[in-house]
>>> print(open('start.pdb').read())   # PDB, C-alpha atoms
ATOM      1  CA  MET A   1      66.570 -12.317 -56.096  1.00  0.00           C
ATOM      2  CA  LYS A   2      63.626  -9.952 -56.608  1.00  0.00           C
ATOM      3  CA  SER A   3      62.741  -7.544 -53.819  1.00  0.00           C
ATOM      4  CA  LEU A   4      59.438  -8.022 -52.038  1.00  0.00           C
ATOM      5  CA  LEU A   5      58.386  -4.590 -53.314  1.00  0.00           C
ATOM      6  CA  LYS A   6      58.916  -5.719 -56.922  1.00  0.00           C
ATOM      7  CA  ILE A   7      57.091  -9.008 -56.282  1.00  0.00           C
ATOM      8  CA  VAL A   8      54.106  -7.209 -54.724  1.00  0.00           C
ATOM      9  CA  THR A   9      54.101  -4.498 -57.423  1.00  0.00           C
ATOM     10  CA  ASP A  10      53.853  -7.249 -60.047  1.00  0.00           C
ATOM     11  CA  CYS A  11      50.962  -8.774 -58.087  1.00  0.00           C
ATOM     12  CA  ILE A  12      49.215  -5.396 -57.866  1.00  0.00           C
ATOM     13  CA  ASP A  13      49.579  -4.937 -61.629  1.00  0.00           C
ATOM     14  CA  ASN A  14      48.362  -8.460 -62.430  1.00  0.00           C
ATOM     15  CA  PHE A  15      45.416  -8.169 -60.036  1.00  0.00           C
ATOM     16  CA  SER A  16      44.383  -4.844 -61.590  1.00  0.00           C
ATOM     17  CA  LYS A  17      44.784  -6.175 -65.118  1.00  0.00           C
ATOM     18  CA  GLN A  18      42.756  -9.289 -64.298  1.00  0.00           C
ATOM     19  CA  ALA A  19      39.970  -7.101 -62.854  1.00  0.00           C
ATOM     20  CA  ASN A  20      40.282  -4.700 -65.814  1.00  0.00           C
ATOM     21  CA  VAL A  21      40.678  -1.667 -63.551  1.00  0.00           C
ATOM     22  CA  ILE A  22      43.330   0.994 -63.087  1.00  0.00           C
ATOM     23  CA  ARG A  23      45.616   0.573 -60.114  1.00  0.00           C
ATOM     24  CA  LEU A  24      46.667   3.458 -57.923  1.00  0.00           C
ATOM     25  CA  ALA A  25      49.535   2.682 -55.566  1.00  0.00           C
ATOM     26  CA  ALA A  26      52.309   4.478 -53.731  1.00  0.00           C
ATOM     27  CA  ILE A  27      54.913   3.933 -51.064  1.00  0.00           C
ATOM     28  CA  ILE A  28      53.891   5.523 -47.760  1.00  0.00           C
ATOM     29  CA  GLY A  29      55.230   5.493 -44.203  1.00  0.00           C
ATOM     30  CA  GLY A  30      58.867   5.649 -43.194  1.00  0.00           C
ATOM     31  CA  GLU A  31      60.190   4.431 -46.537  1.00  0.00           C
ATOM     32  CA  ALA A  32      58.381   7.292 -48.324  1.00  0.00           C
ATOM     33  CA  VAL A  33      59.893   9.760 -45.854  1.00  0.00           C
ATOM     34  CA  ILE A  34      63.343   8.354 -46.682  1.00  0.00           C
ATOM     35  CA  MET A  35      62.621   8.587 -50.424  1.00  0.00           C
ATOM     36  CA  HIS A  36      61.731  12.267 -49.933  1.00  0.00           C
ATOM     37  CA  GLY A  37      65.301  12.802 -48.710  1.00  0.00           C
ATOM     38  CA  ILE A  38      64.972  12.572 -44.939  1.00  0.00           C
ATOM     39  CA  PRO A  39      67.396  10.238 -43.167  1.00  0.00           C
ATOM     40  CA  ARG A  40      65.685   7.800 -40.801  1.00  0.00           C
ATOM     41  CA  THR A  41      65.276   4.086 -40.327  1.00  0.00           C
ATOM     42  CA  THR A  42      62.269   1.858 -40.732  1.00  0.00           C
ATOM     43  CA  ILE A  43      61.648  -1.809 -40.096  1.00  0.00           C
ATOM     44  CA  ASP A  44      58.847  -2.273 -42.626  1.00  0.00           C
ATOM     45  CA  LEU A  45      57.552  -1.081 -45.957  1.00  0.00           C
ATOM     46  CA  ASP A  46      54.091   0.468 -46.247  1.00  0.00           C
ATOM     47  CA  LEU A  47      52.002   0.854 -49.395  1.00  0.00           C
ATOM     48  CA  LEU A  48      48.726   2.608 -50.129  1.00  0.00           C
ATOM     49  CA  PHE A  49      46.674   0.789 -52.758  1.00  0.00           C
ATOM     50  CA  TYR A  50      43.422   1.270 -54.588  1.00  0.00           C
ATOM     51  CA  CYS A  51      42.185  -0.024 -57.881  1.00  0.00           C
ATOM     52  CA  GLY A  52      39.151   0.984 -59.794  1.00  0.00           C
ATOM     53  CA  ASP A  53      37.434   4.302 -60.169  1.00  0.00           C
ATOM     54  CA  GLU A  54      34.141   5.882 -59.195  1.00  0.00           C
ATOM     55  CA  LYS A  55      32.260   3.734 -61.753  1.00  0.00           C
ATOM     56  CA  ASN A  56      34.188   0.496 -61.519  1.00  0.00           C
ATOM     57  CA  SER A  57      35.496  -0.364 -58.065  1.00  0.00           C
ATOM     58  CA  ILE A  58      36.124  -3.713 -56.463  1.00  0.00           C
ATOM     59  CA  ASN A  59      33.957  -4.513 -53.473  1.00  0.00           C
ATOM     60  CA  GLU A  60      35.951  -5.683 -50.476  1.00  0.00           C
ATOM     61  CA  LEU A  61      39.223  -4.906 -52.242  1.00  0.00           C
ATOM     62  CA  GLY A  62      41.303  -5.882 -49.201  1.00  0.00           C
ATOM     63  CA  LYS A  63      39.837  -9.392 -49.025  1.00  0.00           C
ATOM     64  CA  ALA A  64      39.956  -9.894 -52.790  1.00  0.00           C
ATOM     65  CA  PHE A  65      43.564  -8.748 -53.084  1.00  0.00           C
ATOM     66  CA  ALA A  66      44.696 -10.757 -50.041  1.00  0.00           C
ATOM     67  CA  SER A  67      43.158 -13.872 -51.603  1.00  0.00           C
ATOM     68  CA  PHE A  68      44.928 -13.080 -54.899  1.00  0.00           C
ATOM     69  CA  LEU A  69      48.251 -12.658 -53.057  1.00  0.00           C
ATOM     70  CA  ARG A  70      47.835 -15.988 -51.251  1.00  0.00           C
ATOM     71  CA  GLN A  71      47.205 -17.676 -54.581  1.00  0.00           C
ATOM     72  CA  LYS A  72      50.158 -16.020 -56.369  1.00  0.00           C
ATOM     73  CA  LEU A  73      52.743 -16.044 -53.577  1.00  0.00           C
ATOM     74  CA  GLY A  74      51.960 -19.492 -52.256  1.00  0.00           C
ATOM     75  CA  LYS A  75      53.598 -20.619 -49.046  1.00  0.00           C
ATOM     76  CA  GLN A  76      56.711 -18.484 -49.546  1.00  0.00           C
ATOM     77  CA  PHE A  77      55.027 -15.594 -47.669  1.00  0.00           C
ATOM     78  CA  GLU A  78      52.474 -15.320 -44.889  1.00  0.00           C
ATOM     79  CA  ILE A  79      49.565 -13.033 -45.831  1.00  0.00           C
ATOM     80  CA  LYS A  80      47.141 -11.743 -43.213  1.00  0.00           C
ATOM     81  CA  SER A  81      44.246  -9.435 -43.943  1.00  0.00           C
ATOM     82  CA  PHE A  82      42.268  -7.274 -41.553  1.00  0.00           C
ATOM     83  CA  GLU A  83      39.096  -5.296 -42.104  1.00  0.00           C
ATOM     84  CA  ALA A  84      39.043  -1.608 -41.265  1.00  0.00           C
ATOM     85  CA  SER A  85      38.509  -0.892 -37.602  1.00  0.00           C
ATOM     86  CA  LYS A  86      35.016   0.063 -36.531  1.00  0.00           C
ATOM     87  CA  ASP A  87      36.469   1.678 -33.395  1.00  0.00           C
ATOM     88  CA  PRO A  88      35.667   5.425 -33.554  1.00  0.00           C
ATOM     89  CA  PHE A  89      38.926   6.152 -31.676  1.00  0.00           C
ATOM     90  CA  ASP A  90      41.110   4.277 -34.177  1.00  0.00           C
ATOM     91  CA  PRO A  91      42.669   7.057 -36.310  1.00  0.00           C
ATOM     92  CA  LEU A  92      43.156   5.086 -39.515  1.00  0.00           C
ATOM     93  CA  LYS A  93      40.226   3.159 -40.818  1.00  0.00           C
ATOM     94  CA  HIS A  94      41.788   1.067 -43.563  1.00  0.00           C
ATOM     95  CA  ASP A  95      41.589  -2.524 -44.608  1.00  0.00           C
ATOM     96  CA  LEU A  96      45.090  -3.834 -44.087  1.00  0.00           C
ATOM     97  CA  ILE A  97      47.123  -6.640 -45.635  1.00  0.00           C
ATOM     98  CA  ILE A  98      50.351  -7.696 -43.927  1.00  0.00           C
ATOM     99  CA  ILE A  99      52.910  -9.745 -45.818  1.00  0.00           C
ATOM    100  CA  THR A 100      55.731 -11.392 -43.908  1.00  0.00           C
ATOM    101  CA  ASP A 101      58.494 -13.739 -44.911  1.00  0.00           C
ATOM    102  CA  PRO A 102      58.824 -16.624 -42.443  1.00  0.00           C
ATOM    103  CA  GLU A 103      62.501 -16.963 -43.425  1.00  0.00           C
ATOM    104  CA  LYS A 104      63.105 -13.251 -42.646  1.00  0.00           C
ATOM    105  CA  ARG A 105      64.749 -12.477 -46.001  1.00  0.00           C
ATOM    106  CA  PHE A 106      62.474  -9.474 -46.591  1.00  0.00           C
ATOM    107  CA  LYS A 107      61.090  -6.603 -44.540  1.00  0.00           C
ATOM    108  CA  LYS A 108      57.478  -6.887 -43.452  1.00  0.00           C
ATOM    109  CA  LEU A 109      55.218  -5.211 -45.999  1.00  0.00           C
ATOM    110  CA  ASP A 110      51.922  -3.545 -45.034  1.00  0.00           C
ATOM    111  CA  ILE A 111      49.332  -2.621 -47.651  1.00  0.00           C
ATOM    112  CA  LEU A 112      46.665  -0.124 -46.638  1.00  0.00           C
ATOM    113  CA  ILE A 113      43.613   0.049 -48.874  1.00  0.00           C
ATOM    114  CA  ALA A 114      42.797   3.697 -49.589  1.00  0.00           C
ATOM    115  CA  ASN A 115      39.640   4.643 -47.746  1.00  0.00           C
ATOM    116  CA  TYR A 116      39.282   8.422 -48.019  1.00  0.00           C
ATOM    117  CA  GLN A 117      38.626  10.622 -51.029  1.00  0.00           C
ATOM    118  CA  TRP A 118      41.634  12.785 -50.145  1.00  0.00           C
ATOM    119  CA  GLU A 119      43.862   9.687 -50.247  1.00  0.00           C
ATOM    120  CA  LEU A 120      42.651   8.948 -53.774  1.00  0.00           C
ATOM    121  CA  GLU A 121      43.295  12.580 -54.723  1.00  0.00           C
ATOM    122  CA  GLY A 122      46.852  12.153 -53.437  1.00  0.00           C
ATOM    123  CA  LEU A 123      47.324   9.033 -55.546  1.00  0.00           C
ATOM    124  CA  LYS A 124      45.831  10.709 -58.612  1.00  0.00           C
ATOM    125  CA  SER A 125      48.096  13.749 -58.159  1.00  0.00           C
ATOM    126  CA  MET A 126      51.172  11.578 -58.712  1.00  0.00           C
ATOM    127  CA  SER A 127      52.759  11.383 -62.154  1.00  0.00           C
ATOM    128  CA  ALA A 128      52.612   7.567 -62.418  1.00  0.00           C
ATOM    129  CA  PRO A 129      50.561   5.832 -59.685  1.00  0.00           C
ATOM    130  CA  HIS A 130      49.047   3.446 -62.213  1.00  0.00           C
ATOM    131  CA  THR A 131      52.046   1.992 -64.007  1.00  0.00           C
ATOM    132  CA  GLY A 132      55.641   0.991 -63.481  1.00  0.00           C
ATOM    133  CA  PRO A 133      57.505   0.982 -60.175  1.00  0.00           C
ATOM    134  CA  LEU A 134      55.928   2.444 -57.064  1.00  0.00           C
ATOM    135  CA  TYR A 135      56.958   5.934 -56.003  1.00  0.00           C
ATOM    136  CA  PRO A 136      56.614   7.785 -52.701  1.00  0.00           C
ATOM    137  CA  TYR A 137      53.267   9.353 -51.889  1.00  0.00           C
ATOM    138  CA  PRO A 138      53.328  13.169 -52.263  1.00  0.00           C
ATOM    139  CA  LYS A 139      54.659  14.948 -49.174  1.00  0.00           C
ATOM    140  CA  GLU A 140      51.495  16.890 -48.380  1.00  0.00           C
ATOM    141  CA  TYR A 141      49.320  13.750 -48.463  1.00  0.00           C
ATOM    142  CA  LEU A 142      51.944  11.772 -46.560  1.00  0.00           C
ATOM    143  CA  VAL A 143      51.709  14.424 -43.831  1.00  0.00           C
ATOM    144  CA  GLY A 144      47.918  13.959 -43.904  1.00  0.00           C
ATOM    145  CA  MET A 145      48.297  10.251 -43.234  1.00  0.00           C
ATOM    146  CA  LYS A 146      50.818  10.902 -40.482  1.00  0.00           C
ATOM    147  CA  LEU A 147      48.489  13.458 -38.895  1.00  0.00           C
ATOM    148  CA  MET A 148      45.778  10.804 -38.836  1.00  0.00           C
ATOM    149  CA  ALA A 149      48.139   8.236 -37.264  1.00  0.00           C
ATOM    150  CA  GLY A 150      49.418  10.683 -34.648  1.00  0.00           C
ATOM    151  CA  GLY A 151      52.354   8.783 -33.127  1.00  0.00           C
ATOM    152  CA  PRO A 152      55.627  10.338 -31.919  1.00  0.00           C
ATOM    153  CA  GLN A 153      57.576   9.129 -35.002  1.00  0.00           C
ATOM    154  CA  ASP A 154      54.772  10.467 -37.229  1.00  0.00           C
ATOM    155  CA  ASN A 155      55.130  13.880 -35.585  1.00  0.00           C
ATOM    156  CA  GLU A 156      58.892  13.851 -36.149  1.00  0.00           C
ATOM    157  CA  ASP A 157      58.353  12.863 -39.783  1.00  0.00           C
ATOM    158  CA  ILE A 158      55.890  15.748 -40.218  1.00  0.00           C
ATOM    159  CA  ARG A 159      58.408  18.269 -38.883  1.00  0.00           C
ATOM    160  CA  ASN A 160      61.121  16.890 -41.168  1.00  0.00           C
ATOM    161  CA  LEU A 161      58.856  16.794 -44.213  1.00  0.00           C
ATOM    162  CA  PHE A 162      57.987  20.455 -43.647  1.00  0.00           C
ATOM    163  CA  ILE A 163      61.701  21.290 -43.847  1.00  0.00           C
ATOM    164  CA  VAL A 164      61.955  19.855 -47.379  1.00  0.00           C
ATOM    165  CA  MET A 165      58.581  21.119 -48.664  1.00  0.00           C
ATOM    166  CA  SER A 166      58.114  23.938 -51.122  1.00  0.00           C
ATOM    167  CA  ASP A 167      55.818  26.806 -50.168  1.00  0.00           C
ATOM    168  CA  LEU A 168      53.132  25.401 -52.475  1.00  0.00           C
ATOM    169  CA  GLU A 169      53.381  21.972 -50.808  1.00  0.00           C
ATOM    170  CA  LYS A 170      53.093  23.595 -47.375  1.00  0.00           C
ATOM    171  CA  GLU A 171      50.001  25.504 -48.509  1.00  0.00           C
ATOM    172  CA  LYS A 172      48.412  22.282 -49.794  1.00  0.00           C
ATOM    173  CA  THR A 173      49.323  20.536 -46.541  1.00  0.00           C
ATOM    174  CA  TRP A 174      47.566  23.183 -44.440  1.00  0.00           C
ATOM    175  CA  LYS A 175      44.495  22.947 -46.690  1.00  0.00           C
ATOM    176  CA  LEU A 176      44.446  19.155 -46.294  1.00  0.00           C
ATOM    177  CA  ALA A 177      44.970  19.423 -42.518  1.00  0.00           C
ATOM    178  CA  ARG A 178      41.896  21.668 -42.320  1.00  0.00           C
ATOM    179  CA  LEU A 179      39.904  19.224 -44.474  1.00  0.00           C
ATOM    180  CA  ILE A 180      40.716  16.294 -42.183  1.00  0.00           C
ATOM    181  CA  LYS A 181      40.294  18.465 -39.081  1.00  0.00           C
ATOM    182  CA  ARG A 182      43.918  18.126 -37.975  1.00  0.00           C
ATOM    183  CA  ASP A 183      45.119  21.710 -38.548  1.00  0.00           C
ATOM    184  CA  LYS A 184      45.408  22.371 -34.784  1.00  0.00           C
ATOM    185  CA  ASN A 185      47.466  19.193 -34.438  1.00  0.00           C
ATOM    186  CA  LEU A 186      49.704  20.309 -37.314  1.00  0.00           C
ATOM    187  CA  SER A 187      50.221  23.707 -35.737  1.00  0.00           C
ATOM    188  CA  LYS A 188      51.116  22.110 -32.392  1.00  0.00           C
ATOM    189  CA  ILE A 189      53.517  19.602 -34.002  1.00  0.00           C
ATOM    190  CA  LEU A 190      55.349  22.322 -35.923  1.00  0.00           C
ATOM    191  CA  LYS A 191      55.626  24.547 -32.821  1.00  0.00           C
ATOM    192  CA  GLU A 192      57.082  21.661 -30.809  1.00  0.00           C
ATOM    193  CA  GLY A 193      59.884  21.338 -33.343  1.00  0.00           C
ATOM    194  CA  ARG A 194      61.159  24.889 -32.838  1.00  0.00           C
TER     195      ARG A 194
END
>>> encode(input="start.pdb", output="structure tokens")
Amino acid sequence: MKSLLKIVTDCIDNFSKQANVIRLAAIIGGEAVIMHGIPRTTIDLDLLFYCGDEKNSINELGKAFASFLRQKLGKQFEIKSFEASKDPFDPLKHDLIIITDPEKRFKKLDILIANYQWELEGLKSMSAPHTGPLYPYPKEYLVGMKLMAGGPQDNEDIRNLFIVMSDLEKEKTWKLARLIKRDKNLSKILKEGR
């Protein structure tokens, strides 16, 4: 039996091919932390997805891809889509697609649609975000997303990611934290871990 990740990766590739655009996708969240070598558990799988480029992007990508998934996956999975929050206090403003298996054979899978230029830079910095299997999002950009989310598990993940980062990755992380105005948060999180 195929994994849900493989099924969804195939859907991402087919959707991008059908639209004649390049896909950019990576594993984020707890599963990415695990793939970077940090032991922890997670109950779901999170992906970051974008397809297109500055000249050729898909309007309302979240809605279009959710509709594509419903068509391709049929009744085997439940697909819900949500537009990005307009709440100024909501830290992550992403369109979101949630895929669940009513028979509970697979983990829940969340797909966030990339919304910030720095997220696209993170995807583009990967060696193969546009073809083949999905890989974990780079550590420094993963920390950026976790800084934006700001939960207790995110803070723990940030501290652990810093342990396995190279000096260059740490430098990039600080630069990104300043860009997204979370450098004070990063400093506080790292001090708490001492």
>>> residues_near_point(input="start.pdb", point="(42.7, 6.1, -50.4)", cutoff="6 Å", atoms="only C-alpha atoms", output="list in words")
Ala114, Asn115, Tyr116, Glu119 and Leu120 of chain A
>>> resolve_selection(input="start.pdb", expression="the PyMOL selection byres ((chain A and resi 146) around 12)", output="PyMOL selection string")
chain A and resi 28-30+32-33+91-92+137+139-145+147-161+173+176-177+180+182+185-186+189
>>> closest_residue(input="start.pdb", among="A:His94, A:Lys184, A:Lys104, A:His36", to="A:Leu48", atoms="all atoms listed in the file")
A:His94
>>> atom_distance(input="start.pdb", atom1="atom CA of A:Ala128", atom2="atom CA of A:Asp46")
17.7 Å
>>> atom_distance(input="start.pdb", atom1="atom CA of A:Trp118", atom2="atom CA of A:Leu179")
8.8 Å
>>> residues_around(input="start.pdb", residues="A:Lys107", least_positions_apart="4", cutoff="10 Å", atoms="only C-alpha atoms", output="VMD selection string")
chain A and resid 3 to 5 42 to 45 99 to 101
>>> resolve_selection(input="start.pdb", expression="the PyMOL selection byres ((chain A and resi 60) around 12)", output="list of chain:residue names")
A:Tyr50, A:Cys51, A:Gly52, A:Ser57, A:Ile58, A:Asn59, A:Leu61, A:Gly62, A:Lys63, A:Ala64, A:Phe65, A:Ala66, A:Ser67, A:Ser81, A:Phe82, A:Glu83, A:Ala84, A:His94, A:Asp95, A:Leu96, A:Ile113, A:Ala114, A:Asn115
>>> atom_distance(input="start.pdb", atom1="atom CA of A:Arg105", atom2="atom CA of A:Gln71")
20.2 Å
>>> axis_aligned_box(input="start.pdb", around="stretch 128-145 of chain A", padding_each_side="5 Å", output="JSON")
{"center_x": 52.7, "center_y": 8.9, "center_z": -53.6, "size_x": 19.6, "size_y": 25.9, "size_z": 30.8}
>>> residues_around(input="start.pdb", residues="A:Phe77", least_positions_apart="2", cutoff="9 Å", atoms="all atoms listed in the file", output="list in words")
Arg70, Leu73, Gly74, Lys75, Ile79, Ile99, Thr100, Asp101, Pro102 and Glu103 of chain A
